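The file structure-v8.pdb contains PDB, C-alpha atoms:
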ATOM      1  CA  THR A 137     -24.113  18.909  17.192
ATOM      2  CA  SER A 138     -21.268  21.200  18.090
ATOM      3  CA  SER A 139     -18.942  20.320  20.976
ATOM      4  CA  GLY A 140     -17.337  23.760  20.928
ATOM      5  CA  ALA A 141     -14.732  25.630  18.928
ATOM      6  CA  GLY A 142     -11.844  23.485  17.749
ATOM      7  CA  VAL A 143     -13.494  20.246  18.898
ATOM      8  CA  SER A 144     -14.936  17.731  16.442
ATOM      9  CA  GLN A 145     -18.674  17.450  16.313
ATOM     10  CA  ASP A 146     -20.767  14.902  18.221
ATOM     11  CA  PHE A 147     -23.244  12.675  16.413
ATOM     12  CA  GLU A 148     -26.564  11.595  17.870
ATOM     13  CA  ALA A 149     -28.786   8.741  16.779
ATOM     14  CA  ALA A 150     -31.798   9.765  14.739
ATOM     15  CA  ALA A 151     -35.055   9.847  16.644
ATOM     16  CA  GLY A 152     -36.982   6.578  16.419
ATOM     17  CA  GLY A 153     -40.672   6.125  15.864
ATOM     18  CA  GLY A 154     -43.082   7.022  13.131
ATOM     19  CA  GLY A 155     -42.716   8.482   9.716
ATOM     20  CA  LYS A 156     -40.669   5.732   8.115
ATOM     21  CA  ILE A 157     -41.821   4.296   4.813
ATOM     22  CA  LEU A 158     -42.614   0.622   5.305
ATOM     23  CA  GLN A 159     -43.878  -0.415   1.858
ATOM     24  CA  VAL A 160     -44.888   1.018  -1.496
ATOM     25  CA  VAL A 161     -47.461  -0.634  -3.747
ATOM     26  CA  SER A 162     -47.946   0.961  -7.161
ATOM     27  CA  LYS A 163     -49.771   0.354 -10.405
ATOM     28  CA  THR A 164     -49.496   2.097 -13.774
ATOM     29  CA  TRP A 165     -51.875   1.269 -16.602
ATOM     30  CA  ASP A 166     -52.737   2.403 -20.101
ATOM     31  CA  ASP A 167     -55.954   0.427 -20.644
ATOM     32  CA  ASN A 168     -58.744   2.594 -22.020
ATOM     33  CA  GLN A 169     -62.156   2.776 -20.360
ATOM     34  CA  THR A 170     -65.312   4.728 -21.110
ATOM     35  CA  GLY A 171     -68.682   5.317 -19.480
ATOM     36  CA  SER A 172     -71.547   7.787 -19.343
ATOM     37  CA  ASN A 173     -72.719   7.855 -15.711
ATOM     38  CA  ASP A 174     -73.274  11.250 -14.098
ATOM     39  CA  GLY A 175     -72.452  12.640 -10.630
ATOM     40  CA  ALA A 176     -75.365  10.846  -8.986
ATOM     41  CA  THR A 177     -73.712   7.473  -9.750
ATOM     42  CA  PHE A 178     -69.943   6.955  -9.679
ATOM     43  CA  ALA A 179     -68.348   4.111 -11.682
ATOM     44  CA  ASP A 180     -65.187   2.234 -10.782
ATOM     45  CA  ILE A 181     -62.152   3.019 -12.880
ATOM     46  CA  THR A 182     -61.419  -0.663 -13.416
ATOM     47  CA  GLU A 183     -57.625  -0.556 -13.216
ATOM     48  CA  ALA A 184     -57.598   2.024 -10.387
ATOM     49  CA  ASN A 185     -57.919  -0.622  -7.700
ATOM     50  CA  LEU A 186     -55.012  -1.643  -5.492
ATOM     51  CA  ALA A 187     -54.607  -3.739  -2.319
ATOM     52  CA  ILE A 188     -52.373  -3.116   0.677
ATOM     53  CA  THR A 189     -51.807  -4.922   3.988
ATOM     54  CA  PRO A 190     -50.576  -2.518   6.686
ATOM     55  CA  ALA A 191     -48.238  -3.999   9.313
ATOM     56  CA  SER A 192     -50.074  -2.260  12.183
ATOM     57  CA  THR A 193     -53.415  -0.590  12.872
ATOM     58  CA  SER A 194     -51.527   2.579  13.898
ATOM     59  CA  ASN A 195     -49.870   2.966  10.479
ATOM     60  CA  LYS A 196     -51.042   5.401   7.828
ATOM     61  CA  VAL A 197     -51.407   4.974   4.081
ATOM     62  CA  LEU A 198     -50.421   7.804   1.742
ATOM     63  CA  VAL A 199     -52.586   7.484  -1.378
ATOM     64  CA  ASN A 200     -51.421   9.173  -4.593
ATOM     65  CA  PHE A 201     -53.119   8.918  -7.934
ATOM     66  CA  SER A 202     -52.766  10.551 -11.299
ATOM     67  CA  ILE A 203     -55.707   9.825 -13.598
ATOM     68  CA  SER A 204     -55.715  10.914 -17.241
ATOM     69  CA  GLY A 205     -58.779  11.155 -19.423
ATOM     70  CA  ALA A 206     -61.294  13.270 -21.254
ATOM     71  CA  SER A 207     -64.990  13.900 -21.602
ATOM     72  CA  GLY A 208     -67.004  13.951 -24.780
ATOM     73  CA  ALA A 209     -67.785  17.664 -24.353
ATOM     74  CA  TYR A 210     -65.258  20.406 -23.700
ATOM     75  CA  ASP A 211     -67.187  21.981 -20.817
ATOM     76  CA  THR A 212     -68.091  18.755 -19.000
ATOM     77  CA  PRO A 213     -65.711  18.017 -16.109
ATOM     78  CA  ILE A 214     -65.120  14.546 -14.707
ATOM     79  CA  TYR A 215     -65.653  14.079 -10.969
ATOM     80  CA  ILE A 216     -63.154  11.783  -9.218
ATOM     81  CA  ARG A 217     -63.494  10.178  -5.785
ATOM     82  CA  LEU A 218     -61.500   7.760  -3.645
ATOM     83  CA  GLN A 219     -62.956   4.861  -1.662
ATOM     84  CA  HIS A 220     -61.682   1.830   0.245
ATOM     85  CA  ASN A 221     -63.243  -1.410   1.423
ATOM     86  CA  GLY A 222     -61.660  -1.417   4.865
ATOM     87  CA  SER A 223     -65.036  -2.094   6.476
ATOM     88  CA  GLY A 224     -65.906  -4.971   4.133
ATOM     89  CA  SER A 225     -67.688  -3.012   1.404
ATOM     90  CA  TYR A 226     -66.520   0.058  -0.504
ATOM     91  CA  ALA A 227     -67.240   3.348   1.230
ATOM     92  CA  ASP A 228     -66.099   6.936   0.894
ATOM     93  CA  ILE A 229     -63.020   7.670   2.983
ATOM     94  CA  THR A 230     -63.864  10.033   5.821
ATOM     95  CA  GLY A 231     -61.942  13.229   5.290
ATOM     96  CA  CYS A 232     -60.865  12.777   1.665
ATOM     97  CA  LEU A 233     -64.218  13.935   0.296
ATOM     98  CA  SER A 234     -65.656  17.362   0.877
ATOM     99  CA  ASP A 235     -68.555  17.140   3.301
ATOM    100  CA  GLU A 236     -69.975  20.547   2.408
ATOM    101  CA  GLY A 237     -72.454  19.294  -0.209
ATOM    102  CA  THR A 238     -76.055  18.996   0.910
ATOM    103  CA  GLY A 239     -79.203  17.762  -0.814
ATOM    104  CA  ASN A 240     -78.305  16.879  -4.399
ATOM    105  CA  GLN A 241     -74.814  18.440  -4.322
ATOM    106  CA  THR A 242     -71.888  16.083  -5.053
ATOM    107  CA  ASN A 243     -69.092  15.512  -2.526
ATOM    108  CA  MET A 244     -65.898  14.307  -4.242
ATOM    109  CA  SER A 245     -62.132  14.039  -3.822
ATOM    110  CA  THR A 246     -61.062  16.038  -6.891
ATOM    111  CA  ILE A 247     -62.111  17.011 -10.415
ATOM    112  CA  MET A 248     -60.653  16.813 -13.904
ATOM    113  CA  SER A 249     -61.752  20.263 -15.084
ATOM    114  CA  GLY A 250     -63.818  20.894 -18.181
ATOM    115  CA  GLY A 251     -61.046  23.065 -19.590
ATOM    116  CA  GLY A 252     -58.605  20.130 -19.456
ATOM    117  CA  ALA A 253     -60.962  17.173 -19.655
ATOM    118  CA  GLY A 254     -62.759  18.149 -22.833
ATOM    119  CA  GLU A 255     -62.014  16.801 -26.285
ATOM    120  CA  TYR A 256     -58.310  15.874 -25.869
ATOM    121  CA  GLY A 257     -58.155  15.468 -22.141
ATOM    122  CA  GLY A 258     -56.141  16.241 -19.118
ATOM    123  CA  THR A 259     -54.755  14.774 -15.934
ATOM    124  CA  CYS A 260     -55.791  15.203 -12.328
ATOM    125  CA  ALA A 261     -53.524  14.300  -9.436
ATOM    126  CA  TYR A 262     -54.552  13.740  -5.845
ATOM    127  CA  THR A 263     -52.802  12.936  -2.560
ATOM    128  CA  TYR A 264     -54.462  11.862   0.672
ATOM    129  CA  LEU A 265     -53.011  10.586   3.968
ATOM    130  CA  ASP A 266     -55.397   7.936   5.294
ATOM    131  CA  SER A 267     -55.566   6.446   8.798
ATOM    132  CA  PRO A 268     -57.363   3.167   8.007
ATOM    133  CA  SER A 269     -56.817   1.464  11.414
ATOM    134  CA  LYS A 270     -56.317  -1.867   9.608
ATOM    135  CA  ASP A 271     -53.661  -4.568   9.741
ATOM    136  CA  THR A 272     -55.356  -6.866   7.218
ATOM    137  CA  GLU A 273     -55.525  -6.558   3.440
ATOM    138  CA  PHE A 274     -57.987  -4.101   1.907
ATOM    139  CA  ASN A 275     -58.299  -2.213  -1.387
ATOM    140  CA  TYR A 276     -58.434   1.388  -2.512
ATOM    141  CA  GLN A 277     -60.649   2.212  -5.513
ATOM    142  CA  VAL A 278     -60.793   5.386  -7.638
ATOM    143  CA  GLN A 279     -64.146   6.160  -9.260
ATOM    144  CA  CYS A 280     -65.405   8.737 -11.741
ATOM    145  CA  ALA A 281     -68.566  10.373 -13.038
ATOM    146  CA  LEU A 282     -69.521  13.147 -15.427
ATOM    147  CA  ARG A 283     -70.771  16.426 -14.025
ATOM    148  CA  TRP A 284     -74.197  15.863 -15.572
ATOM    149  CA  SER A 285     -75.990  13.445 -17.841
ATOM    150  CA  GLY A 286     -76.755  14.428 -21.388
ATOM    151  CA  GLY A 287     -75.333  12.019 -23.908
ATOM    152  CA  VAL A 288     -71.608  12.680 -23.459
ATOM    153  CA  ALA A 289     -69.160  10.099 -22.160
ATOM    154  CA  TRP A 290     -66.063  10.049 -19.979
ATOM    155  CA  TYR A 291     -62.839   8.435 -21.178
ATOM    156  CA  ILE A 292     -59.897   7.175 -19.130
ATOM    157  CA  ASN A 293     -56.438   7.094 -20.817
ATOM    158  CA  CYS A 294     -57.824   8.291 -24.157
ATOM    159  CA  SER A 295     -60.053  10.931 -25.708
ATOM    160  CA  ASP A 296     -63.268  10.676 -27.701
ATOM    161  CA  ASP A 297     -61.323  11.204 -30.945
ATOM    162  CA  GLY A 298     -60.596   7.828 -32.551
ATOM    163  CA  ARG A 299     -58.886   9.181 -35.666
ATOM    164  CA  ASP A 300     -55.420   7.958 -36.621
ATOM    165  CA  GLU A 301     -53.718  11.359 -36.288
ATOM    166  CA  THR A 302     -50.528  12.500 -34.527
ATOM    167  CA  TYR A 303     -52.509  14.935 -32.355
ATOM    168  CA  VAL A 304     -54.832  12.250 -30.921
ATOM    169  CA  PRO A 305     -53.455  11.388 -27.456
ATOM    170  CA  PHE A 306     -53.375   8.251 -25.354
ATOM    171  CA  TYR A 307     -52.322   8.350 -21.712
ATOM    172  CA  THR A 308     -51.206   6.328 -18.708
ATOM    173  CA  SER A 309     -52.560   6.623 -15.169
ATOM    174  CA  THR A 310     -51.082   5.614 -11.807
ATOM    175  CA  LEU A 311     -52.206   4.672  -8.303
ATOM    176  CA  THR A 312     -49.607   4.416  -5.512
ATOM    177  CA  LEU A 313     -50.092   3.378  -1.881
ATOM    178  CA  THR A 314     -47.306   4.099   0.624
ATOM    179  CA  GLU A 315     -47.495   2.649   4.124
ATOM    180  CA  ILE A 316     -46.027   4.979   6.747
ATOM    181  CA  ASP A 317     -45.058   3.923  10.270
ATOM    182  CA  GLY A 318     -47.521   5.530  12.665
ATOM    183  CA  SER A 319     -45.778   4.681  15.934
TER     184      SER A 319
END

Would you mind writing the file out in structure tokens?
Amino acid sequence: TSSGAGVSQDFEAAAGGGGKILQVVSKTWDDNQTGSNDGATFADITEANLAITPASTSNKVLVNFSISGASGAYDTPIYIRLQHNGSGSYADITGCLSDEGTGNQTNMSTIMSGGGAGEYGGTCAYTYLDSPSKDTEFNYQVQCALRWSGGVAWYINCSDDGRDETYVPFYTSTLTLTEIDGS
């Protein structure tokens, strides 16, 4: 802060309290996975599971993931959703899924679009600030499903093209949990 013209500045201590990063837990993987479930049934992305133990029930967890994959048909998107087992069994995280779907409509966290998820794939990224109210270990899990059933498959970290060609991609995906001081 200024003390006036010709006088050296004064320094004040930074405000205390929340917002500080307390821990970061991250996982990157390149294992391939495939499945054929549709939007009525989500499947765990096996490697997209990560534990964290918050220091306080008032702290928040910033969840970031980047999932790469493809579907067996160019116009078939892959639905992605985030869950945690903070209550003992895996459940959708309140607030990170749309709650607008009714009847048979699918509520999800994000989507890997058909334009990017078909044939050679794409990547979807997602960020969510969770308030889990936990100070014991629990896990976050990312799941996926195809838009509809019909004989196609979803692929994580690869495409449906198994040929040995330079244009056939393989990917990596990441899941990162950042604990933030909530005081």

Note to self: Which residues would end up in the selection if the PyMOL selection byres ((chain A and resi 203-218) around 6) were applied here, given that I need the answer as a PyMOL selection string?
What the structure shows: chain A and resi 202+219+244-250+253-255+257-260+277-283+288-296+309

Could you save the residues just selected, with C-alpha atoms, as a PDB file, keeping the file's coordinate frame?
ATOM      1  CA  SER A 202     -52.766  10.551 -11.299  1.00  0.00           C
ATOM      2  CA  GLN A 219     -62.956   4.861  -1.662  1.00  0.00           C
ATOM      3  CA  MET A 244     -65.898  14.307  -4.242  1.00  0.00           C
ATOM      4  CA  SER A 245     -62.132  14.039  -3.822  1.00  0.00           C
ATOM      5  CA  THR A 246     -61.062  16.038  -6.891  1.00  0.00           C
ATOM      6  CA  ILE A 247     -62.111  17.011 -10.415  1.00  0.00           C
ATOM      7  CA  MET A 248     -60.653  16.813 -13.904  1.00  0.00           C
ATOM      8  CA  SER A 249     -61.752  20.263 -15.084  1.00  0.00           C
ATOM      9  CA  GLY A 250     -63.818  20.894 -18.181  1.00  0.00           C
ATOM     10  CA  ALA A 253     -60.962  17.173 -19.655  1.00  0.00           C
ATOM     11  CA  GLY A 254     -62.759  18.149 -22.833  1.00  0.00           C
ATOM     12  CA  GLU A 255     -62.014  16.801 -26.285  1.00  0.00           C
ATOM     13  CA  GLY A 257     -58.155  15.468 -22.141  1.00  0.00           C
ATOM     14  CA  GLY A 258     -56.141  16.241 -19.118  1.00  0.00           C
ATOM     15  CA  THR A 259     -54.755  14.774 -15.934  1.00  0.00           C
ATOM     16  CA  CYS A 260     -55.791  15.203 -12.328  1.00  0.00           C
ATOM     17  CA  GLN A 277     -60.649   2.212  -5.513  1.00  0.00           C
ATOM     18  CA  VAL A 278     -60.793   5.386  -7.638  1.00  0.00           C
ATOM     19  CA  GLN A 279     -64.146   6.160  -9.260  1.00  0.00           C
ATOM     20  CA  CYS A 280     -65.405   8.737 -11.741  1.00  0.00           C
ATOM     21  CA  ALA A 281     -68.566  10.373 -13.038  1.00  0.00           C
ATOM     22  CA  LEU A 282     -69.521  13.147 -15.427  1.00  0.00           C
ATOM     23  CA  ARG A 283     -70.771  16.426 -14.025  1.00  0.00           C
ATOM     24  CA  VAL A 288     -71.608  12.680 -23.459  1.00  0.00           C
ATOM     25  CA  ALA A 289     -69.160  10.099 -22.160  1.00  0.00           C
ATOM     26  CA  TRP A 290     -66.063  10.049 -19.979  1.00  0.00           C
ATOM     27  CA  TYR A 291     -62.839   8.435 -21.178  1.00  0.00           C
ATOM     28  CA  ILE A 292     -59.897   7.175 -19.130  1.00  0.00           C
ATOM     29  CA  ASN A 293     -56.438   7.094 -20.817  1.00  0.00           C
ATOM     30  CA  CYS A 294     -57.824   8.291 -24.157  1.00  0.00           C
ATOM     31  CA  SER A 295     -60.053  10.931 -25.708  1.00  0.00           C
ATOM     32  CA  ASP A 296     -63.268  10.676 -27.701  1.00  0.00           C
ATOM     33  CA  SER A 309     -52.560   6.623 -15.169  1.00  0.00           C
TER      34      SER A 309
END

Next item on the list: Name the residues that the PyMOL selection byres ((chain A and resi 275) around 8) pulls out of this structure, and write them as JSON, numbers by chain.
Entry: {"A": [185, 186, 187, 188, 220, 221, 222, 273, 274, 276, 277]}

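For the pair CA of Ala184 in chain A and CA of Asn168 in chain A, the separation is 11.7 Å.
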
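Picture a line from CA of Lys163 in chain A to CA of Glu183 in chain A; it runs 8.4 Å.
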
Next item on the list: Point out the residue among A:Ile229, A:Glu301, A:Thr312, A:Trp284 with the least atom-to-atom distance to Asp174 in chain A, counting only C-alpha atoms.
Entry: A:Trp284

Item checked: Long-range neighbours of range 192-197 of chain A as an MDAnalysis selection string, 7 Å cut-off, all atoms listed in the file, 4 positions minimum in chain -> chainID A and resid 265:271 313:319

Item checked: Å distance separating CA of Asp300 in chain A from CA of Phe201 in chain A, one decimal place -> 28.8 Å

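Closest approach to Arg299 in chain A among A:Tyr256, A:Gly171, A:Thr189, A:Val160: A:Tyr256, based on only C-alpha atoms.
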
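Residue nearest Trp165 in chain A, chosen from A:Ala191, A:Val304, A:Ile181, A:Val199 and counting only C-alpha atoms: A:Ile181.
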
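Here the question is which of A:Asn200, A:Ala141, A:Thr302, A:Tyr264 gets nearest to Gly231 in chain A using only C-alpha atoms, and that residue is A:Tyr264.
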
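Counting all atoms listed in the file and comparing A:Thr272, A:Ser162, A:Gly155, A:Ala179, the residue that lies closest to Gly224 in chain A is A:Thr272.
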
Please write out, as AutoDock Vina command-line options, where the centre of an axis-aligned box around all listed atoms of range 200-207 of chain A lies and how long its edges are, in Å to one decimal, after adding 5 Å on each side.
--center_x -58.2 --center_y 11.4 --center_z -13.1 --size_x 23.6 --size_y 15.0 --size_z 27.0

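The residue that comes closest to Thr182 in chain A, out of A:Ala261, A:Val161, A:Leu311, A:Cys232 and on the basis of only C-alpha atoms, is A:Leu311.
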